[in-house]
Amino acid sequence: MIPLWMYLLVAALLFCIGIYGVLARRNAVAILMSVELMLNAVNINLVAFWRYLAPQDMSGQAFAAFVFVIAAAEAAVGLAILLFVYRTKRSVIVEDVNLLRW
Amino acid sequence: MTDIPVLADLNLAWTWPVVGLGLGATLLLVADLFIPRDRKQQTAWLALAILLVSFLLNLAAFPVVDSAFFGMFVVDPFSAFLNLIALTTAFISILLSVDYLQRSGMQRGEFYALILFTTAGVMLMGHANDLVVVFVSLELLSIPLYILAAFRYPDVKSSESGMKYLVLGAFASAFFVFGAALIYGATGSTSLPHIFEVVARGFAAGGAPELLLLVGTGLVLVGLGFKVAVVPFHMWTPDVYEGAPTPVTAFMSVGAKVGGFAALLRILVFALPVLSTGAVEASAWQQVVSLIAAATLILGNVVAIAQQNVKRLLAYSSIAHAGYIMMALAAAGHAGFGEQATRAALVYMLAYMFTNLGAFAVAIAIEKGDGSGSDLEQFVGLGRSRPLLAGIMAFFMLSLTGIPLTAGFIGKWLIFQVTIEAGLVPLAILGVLTSVVSAYYYIGIIVRMFLREGEGDPAAGGTGLVNGAVYLTFAGTLLPGIFPYLMTDLTRVVSTTPVGG
Amino acid sequence: MLNSVLAAFVLAFAAPLVARHVPRQAGAIAALLPAGIFVWLLNQAEMALGPGVMERWPWSPLPGVALTFRLDGLSLLMALIISGVGALILFYAGAYMQGQAQVGRLYALLLAFMASMLGLVLADNLIALFIFWELTSITSFLLIGWHFQEERSRAAALQALIVTGGGGLALLAGFVLIGLVGGTWEIAELATQAGALQDSALYLPILLLLWLGAASKSAQFPFHFWLPGAMVAPTPVSAYLHSATMVKAGVYLLARLSPALGGTSEWSMLFMVTGLVTLLLGGWLSLKQDDMKRMLAYSTVSSLGLLVTLLGLGTKLAAEAAALYLLAHALFKGALFMVAGAIDHATGTRDLRRLRGLAGALPTSALAAGLAGLSMAGLPLLAGFAAKEFIYEAALFSGGSVWLLTLLLLAGNVAFVVVAQQMTLRIFAGTSLSFESFHAPAVPLWLAALVPGALGLALGLLPDVTATLAGSAARAIYGAPVTIHLFVLPGSVTPMLLLSALTIAAGATLYRRRMQLEPWLHWLDQGARLGPERAFRRLVEGLPRFAERVTALQQNGRLRSYVLWIVGAWLLLLALTWALRSAPGVPADLLARLADLRFHEFILVLVILAGLASVMLANTLMTLIVSLGVVGIGTAIVFILFGAPDLAMTQFSIETLGVILFVLVLYRLPGVVRLSPRRTVLRDSILTGLAGAVVTLMILVITDLPLVSPLKTWFAGASEPLGHGHNVVNVILVDFRGFDTMGEITVLGIAAIGIFALLKLRPGRSAGRNATDGKGGP
């Protein structure tokens, strides 16, 4: 069986790539997707820990289930708000949306 | 194989303040369908009634210590006290909203339901006894706020505010939940009392905490630090506060912060107080929290000076106040001070709640229907046109500064005291110094109101409901200032021993 | 005592009402309150001079904080001055402010100030004292800014508030430290803790914080500048707050705490140096002034410096001298201020150059000024004389650098003599000038000044009364029994008498030759411009500019730079954690472990990595969505590998739903993804690369630790499996996660509602036809 650390590594890389996406993408939709990526990383972690450390206790799996359902809710609300921004501003490029500052 | 639990196993008795609020909010949505479009105020009255019922239920639950939902939900004075703050915040925010929404043409029933949901999220945060519950309540608190921030349509600023809050909020949530996963990995449990036991045993056995646990705690700190808006996770605050509808900002400035601190206290003080790196006295996170507190105090207070918009000013001031609460948290990291520091933080939040909501109420009174008029110059001459309102606002400013005979003073006092007793003297001195700096901008508002010649704003937004909120918050700021027992007696029963397991 | 303080506060609110109904007598009526307190104090005098009167009101839950009041010799002396001068001032203000707008508010503020000041001197608990201290700062702020229409007034008021209020907060910090070391905030008990306090490592910080508070309140160098500025206030205010009472608060505090904290070389050094510098600087600056009030203000600064010097000296004689001078100064300076106000009122000017020969027109004021001036100059038969004798005696028997100290004190006293002559000879003697708008002053304007002037004479003639009052105060300062012996006239020629004579002679000479001093004074004036006031102004003006710069730096409105800050902070935190732990080395058998990988696992990793690569590189949103789906499905396969097929099923469905959702939104949005400029990409890559590297290293380290530590085994054994179901979703739904699921469903529901509300708000176009509608809550 693959050792735990490999899963952790993949998860960590996934998380970092998600961060990279949030940093580097200029389109708000793409940024939201990158956040989803980060949450996927969390899930890999949770399930791996559950499997290796406490397989008889369901906490880890349950946590993972909550994470992705809530991620979906967040994405849904996020997309609605972005549509909103698009309607008022005709753009979802985050650089263009900075009326609020100082 | 699976024992399907019956309702009685859930031990619902003392959970009704939260569960009832959630149910009430759901019913409110249904009821709202039957309320005609031009009489949406009735939804607000219903929402207020629901809050009142929840408030009374919560009062009845005050001294109870119990757990429900198989130990994932805990009822103790800590959560009951936070519930009082959360419910009062929601009550006052709705008082502020009714006429505001009418004026700016966004009177919708969903608004009130969303406020109730996010309040339930704040309360659930205080009750959380499991990382999963903390995460769920964090989202329950946040998602309605994202929507509320963008509620003023088609205002560009409002949608920008919603977008920034959402993107950064989701980003921070990912940090939090990654951290929670690592803590789970390090301890094998998501239940806070279990985590406490595991870590305490490890510590008693002489072991150092695992790297995984430290990294996880750090990530949780980032995620929650964002929610409570401490430096360097604070940048969203002024932008979001300015763009969001003002009553929402008022709610956010207290509700989201109280919720975030509830989770921070639950995780750091209740579950991980003995996360020590070998030096016996202090927790591993104490240094980091102290640094964050110091940075927050300095940046929040200094930058507030430059602000020309009252909402942005209050945003930075709220950052600064998060810094003071952070001081208490740092003190709680010292062995033996967890309880005292938690009580100080609770009193501080109560005082801050009344004072800050009061200041927002006055800001709403002078704001125009189209959302403009939150410039600081609007305060010029208010002492002449609305002397009573201006006088009360001056009192709020003094309380935020921490001048004696105000609730703010008592809160600051308790926090400085515990910080010093826990041996963090430099941090306490920094707190006092930054309070001096904060006087600069708070008193600047008083000077504008009373000592500058001007027309004086008619404060058209000061309707009966808004005035009611102003008087309510004024009483809440003045009375505890004169009779501090009113606040401190409530926290006397608060204990930081983890419940259940 | 609480009653009298509270009564004053409550009655202060009634003052505007009185002023509205009986505008002419309002001042006199308001004066009845302080007069009543004065009488009550005299009634208590016997007790106060003996054992002292105590009162304690538990008021606050904060441990150690209570409203404790104590009336002993020192507080009696201060309280008598506060109530006595207060009564005169209100009486005086009734005439001085006659016919001005909102005069009732002035009475109210004066009474409120008096109440705070009484509380300050009566309080025996440091925290209660601090509260009253800040209240006096606030009332003083409001009174200085009385003419708030004028920019000058507002600036002066704010300056005074920032200096004294800020000093007050420093004081609070000092008090907290005192409480920490001494274990109590009760002043009476602190005196018994003197040893502990002075040996503590915190002693010096305490002294410095105390210094900040006292020096700012009592206008000591380098905080002296706010006091002359405060002269924009109406004269009754200046006479009351800024010469007789409030500015003495700092001095009072030092006197009060000297038994507990005084007597060390640090204490003497700090306060004597501050006091002497202030004495000389104030004296020098007072010579230069042409405005009567500014001259008196600088002279007050100088007097306060003298008092601080005496308290710093800390000997028994110095304590006696300080008590005597405190009393004498309050009387003569108050009288001179009121005379200045009366002259201003009568002639319309306060400019010394334009005033001459007023004795004929204002004979009664001239008498008052004469008595006060003689006392100030320290001539025999008056209260000021005895004070000056004791000052010189204290200096001569100080035991240190006797001659230097005596010389410096002499120089300071000479300046007082000059000011006394300016206020008497220069104004009242000589041929009279004519003033256009001259009108004879009302009775209170001169009577109120004459009373303290005459009292100065009475105290000089009744040495026993003076000695009892001052002796009892000196006892409180010195901390041990003190008896003062005073005589009406000196019985024999002593060194002190000679010094007094020398002072007067030098003062008289200097006064006559003051014209020749001009160039010197002018030169000094140039220097003063670089003084602390300028520093203060630069600080106050520079702060907003600095704040603006910081804001612009970090609050640029760009979402991505905010994210950058968060990530940066997180990296820092990681590095900190890393530094906290000494890192074990990277395991050596890393590559060997890779051999454990099975083929399908290898493929899976490849799939995920490929998905990731295209996520990073994708330049249209559609590619991005598809890559995201690939990664999601890869994750789901991981779940299957772990034997959690149910979870995987849920992940599949949610992933599919997510993809559909994004695609639907895409339908409404422009599909092109603009990538950042190359430099930004580089920056972001480096940052995330760094994060990735740190995390990777950490995980490699973690793997080297025992994976299942004893703790975990203990935990695994101890935790009874609560749910036995094999399908996690079922377990969640029916088992112990019930509540959470409810929460989760609520979250989803809210999401749906929110989206619905947001989309419905759209004006104009018909709602509900949007792509995301109905998909809100998967």
# chains A, B, ... in the order shown; residues from 1 in each chain; ligands from 1
$ residues_around --residues "Asn27 of chain A" --least-positions-apart "4" --cutoff "7 Å" --atoms "only C-alpha atoms" --output "CSV table (one decimal) with N, CA and C atoms, in the first residue's frame"
chain,number,residue,atom,x,y,z
A,31,ILE,N,-10.6,32.0,-10.2
A,31,ILE,CA,-10.1,32.0,-8.8
A,31,ILE,C,-11.0,31.1,-7.9
A,92,VAL,N,-15.5,40.4,-15.1
A,92,VAL,CA,-15.2,39.6,-13.8
A,92,VAL,C,-13.7,39.5,-13.6
A,93,ILE,N,-13.0,40.4,-14.3
A,93,ILE,CA,-11.5,40.4,-14.1
A,93,ILE,C,-11.3,41.2,-12.8
A,94,VAL,N,-10.7,40.5,-11.8
A,94,VAL,CA,-10.6,41.2,-10.5
A,94,VAL,C,-9.8,42.5,-10.6
C,673,VAL,N,-9.6,33.5,-20.6
C,673,VAL,CA,-8.9,33.8,-19.4
C,673,VAL,C,-7.7,34.6,-19.7
$ interface_residues --of "chain A" --to "chain B" --cutoff "9 Å" --atoms "only C-alpha atoms" --output "MDAnalysis selection string"
chainID A and resid 15 19 22 28 31:32 34:36 38:39 41:43 45:46 48:50 53:54 57 59:60 62:63 66:67 70:71 73:75 77:78 81:82 84:85 87:89 94 97:102
$ write_last_selection --atoms "C-alpha atoms" --output "compact mmCIF listing (two decimals), in the first residue's frame"
# COMPACT_ATOMS: atom_id res chain seq x y z
CA PHE A 15 -3.32 22.89 -2.07
CA ILE A 19 -3.08 28.92 -3.95
CA VAL A 22 -5.90 32.17 -6.65
CA ALA A 28 -12.79 35.65 -10.65
CA ILE A 31 -10.13 31.99 -8.78
CA LEU A 32 -13.22 30.29 -7.40
CA SER A 34 -8.81 27.29 -7.63
CA VAL A 35 -10.43 27.50 -4.21
CA GLU A 36 -12.34 24.34 -5.09
CA MET A 38 -7.75 23.64 -2.41
CA LEU A 39 -10.81 22.06 -0.86
CA ALA A 41 -6.75 18.78 -1.32
CA VAL A 42 -8.34 18.94 2.10
CA ASN A 43 -10.53 16.01 1.24
CA ASN A 45 -5.99 14.64 3.47
CA LEU A 46 -9.07 13.90 5.50
CA ALA A 48 -6.13 9.52 3.99
CA PHE A 49 -5.91 10.31 7.67
CA TRP A 50 -9.14 8.52 8.32
CA LEU A 53 -5.12 6.57 11.60
CA ALA A 54 -8.65 5.87 12.74
CA ASP A 57 -14.16 6.16 13.55
CA SER A 59 -15.13 11.40 11.63
CA GLY A 60 -12.72 11.79 8.76
CA ALA A 62 -17.90 12.57 7.50
CA PHE A 63 -15.76 15.68 7.59
CA PHE A 66 -19.24 18.11 4.72
CA VAL A 67 -16.34 19.83 3.04
CA ILE A 70 -20.24 23.12 1.59
CA ALA A 71 -17.74 23.76 -1.17
CA ALA A 73 -22.74 25.73 -1.76
CA GLU A 74 -19.94 28.25 -1.67
CA ALA A 75 -19.34 27.86 -5.38
CA VAL A 77 -23.28 31.51 -4.12
CA GLY A 78 -19.98 32.66 -5.49
CA ILE A 81 -22.39 37.00 -6.96
CA LEU A 82 -19.98 36.96 -9.87
CA PHE A 84 -24.06 40.04 -10.35
CA VAL A 85 -20.73 41.75 -10.65
CA ARG A 87 -24.04 42.59 -14.86
CA THR A 88 -23.09 45.81 -13.12
CA LYS A 89 -19.55 46.02 -14.32
CA VAL A 94 -10.58 41.16 -10.52
CA VAL A 97 -13.08 45.72 -9.88
CA ASN A 98 -11.33 48.00 -7.47
CA LEU A 99 -13.46 50.99 -6.75
CA LEU A 100 -13.15 50.29 -3.07
CA ARG A 101 -9.77 51.20 -1.75
CA TRP A 102 -7.95 53.50 0.61
$ select_by_dssp --residues "chain A" --states "helix (DSSP H, G or I)" --output "ChimeraX atom specification"
/A:4-24,28-53,59-89,94-96
$ closest_residue --among "C:Leu573, C:Leu499, C:Ala505, C:Ile82" --to "chain B" --atoms "only C-alpha atoms"
C:Leu573
$ residues_around --residues "segment 299-310 of chain C" --least-positions-apart "3" --cutoff "7 Å" --atoms "only C-alpha atoms" --output "list in words"
Ser218, Ala219, Gln220, His224, Ser243, Val251, Phe271, Met272, Gly275, Leu276, Thr278, Leu279, Leu280, Gly282, Gly283, Ser286, Met295, Leu296, Leu313, Gly314, Ala318, Ala319, Ala322 and Phe416 of chain C
$ write_last_selection --atoms "C-alpha atoms" --output "PDB file, in the first residue's frame"
ATOM      1  CA  SER C 218       1.332  70.232  35.484  1.00  0.00           C
ATOM      2  CA  ALA C 219       2.864  71.751  32.350  1.00  0.00           C
ATOM      3  CA  GLN C 220       6.436  70.738  33.108  1.00  0.00           C
ATOM      4  CA  HIS C 224       4.809  73.210  29.200  1.00  0.00           C
ATOM      5  CA  SER C 243      -3.448  78.473  37.670  1.00  0.00           C
ATOM      6  CA  VAL C 251       2.049  68.286  41.700  1.00  0.00           C
ATOM      7  CA  PHE C 271      11.851  65.558  39.332  1.00  0.00           C
ATOM      8  CA  MET C 272      14.430  68.078  40.453  1.00  0.00           C
ATOM      9  CA  GLY C 275      11.355  71.125  38.008  1.00  0.00           C
ATOM     10  CA  LEU C 276      14.422  73.339  37.800  1.00  0.00           C
ATOM     11  CA  THR C 278      10.741  74.340  34.068  1.00  0.00           C
ATOM     12  CA  LEU C 279      11.259  76.937  36.774  1.00  0.00           C
ATOM     13  CA  LEU C 280      13.939  78.744  34.844  1.00  0.00           C
ATOM     14  CA  GLY C 282       8.984  79.487  32.587  1.00  0.00           C
ATOM     15  CA  GLY C 283      10.513  82.409  34.464  1.00  0.00           C
ATOM     16  CA  SER C 286       7.379  85.129  31.394  1.00  0.00           C
ATOM     17  CA  MET C 295       2.823  86.318  31.197  1.00  0.00           C
ATOM     18  CA  LEU C 296       0.889  84.928  34.153  1.00  0.00           C
ATOM     19  CA  LEU C 313      14.102  67.266  46.845  1.00  0.00           C
ATOM     20  CA  GLY C 314      11.893  65.376  49.263  1.00  0.00           C
ATOM     21  CA  ALA C 318      11.114  70.867  51.235  1.00  0.00           C
ATOM     22  CA  ALA C 319       7.771  69.278  52.070  1.00  0.00           C
ATOM     23  CA  ALA C 322       5.938  72.955  49.084  1.00  0.00           C
ATOM     24  CA  PHE C 416       8.517  86.106  40.066  1.00  0.00           C
TER      25      PHE C 416
END
$ residues_around --residues "Leu129 of chain C" --least-positions-apart "3" --cutoff "10 Å" --atoms "only C-alpha atoms" --output "ChimeraX atom specification"
/C:67-69,116-117,119-126,132-135,172,175,185,187,253
$ atom_distance --atom1 "atom CA of Gly145 of chain C" --atom2 "atom CA of Gly300 of chain B"
29.1 Å
$ residues_around --residues "Val482 of chain C" --least-positions-apart "5" --cutoff "12 Å" --atoms "only C-alpha atoms" --output "list in words"
Leu49, Gly73, Thr315, Lys316, Leu317, Ala318, Ala319, Glu320, Ala321, Ala323, Ala467, Thr468, Leu469, Ala470, Gly471, Ser472, Ala473, Ala474, Arg475, Ala476 and Ile477 of chain C
$ residues_around --residues "segment 42-57 of chain B" --least-positions-apart "5" --cutoff "9 Å" --atoms "only C-alpha atoms" --output "ChimeraX atom specification"
/B:14,16-18,20-21,24-25,28-29,31-32,35,62,83-84,87-88,90-91,94-95,97-98,108-113,115-116
$ write_last_selection --atoms "C-alpha atoms" --output "compact mmCIF listing (two decimals), in the first residue's frame"
# COMPACT_ATOMS: atom_id res chain seq x y z
CA TRP B 14 -30.87 23.29 25.72
CA TRP B 16 -33.41 25.39 21.32
CA PRO B 17 -32.01 28.92 21.21
CA VAL B 18 -29.99 27.94 18.12
CA GLY B 20 -35.22 27.34 17.22
CA LEU B 21 -33.60 30.28 15.52
CA GLY B 24 -37.67 30.22 12.86
CA ALA B 25 -35.64 31.59 10.01
CA LEU B 28 -39.88 33.14 8.20
CA LEU B 29 -39.00 32.47 4.58
CA ALA B 31 -44.21 33.29 5.92
CA ASP B 32 -42.56 35.94 3.80
CA ILE B 35 -46.61 39.02 2.98
CA PHE B 62 -27.62 30.47 31.04
CA ASN B 83 -25.51 33.98 22.25
CA LEU B 84 -26.60 37.06 24.16
CA LEU B 87 -28.84 37.88 19.38
CA THR B 88 -28.59 41.47 20.54
CA ALA B 90 -29.03 40.76 15.19
CA PHE B 91 -31.86 42.54 16.99
CA ILE B 94 -32.70 44.57 12.12
CA LEU B 95 -33.90 47.71 13.90
CA SER B 97 -32.32 47.84 8.59
CA VAL B 98 -36.08 48.29 8.31
CA ARG B 108 -36.97 42.23 0.80
CA GLY B 109 -38.02 39.51 3.18
CA GLU B 110 -34.98 37.35 2.46
CA PHE B 111 -32.80 39.98 4.02
CA TYR B 112 -34.17 39.30 7.48
CA ALA B 113 -34.07 35.54 7.05
CA ILE B 115 -29.64 37.84 9.08
CA LEU B 116 -31.26 35.19 11.23
$ closest_residue --among "C:Val163, C:Leu285, C:Val10, C:Ala297" --to "chain B" --atoms "only C-alpha atoms"
C:Val163
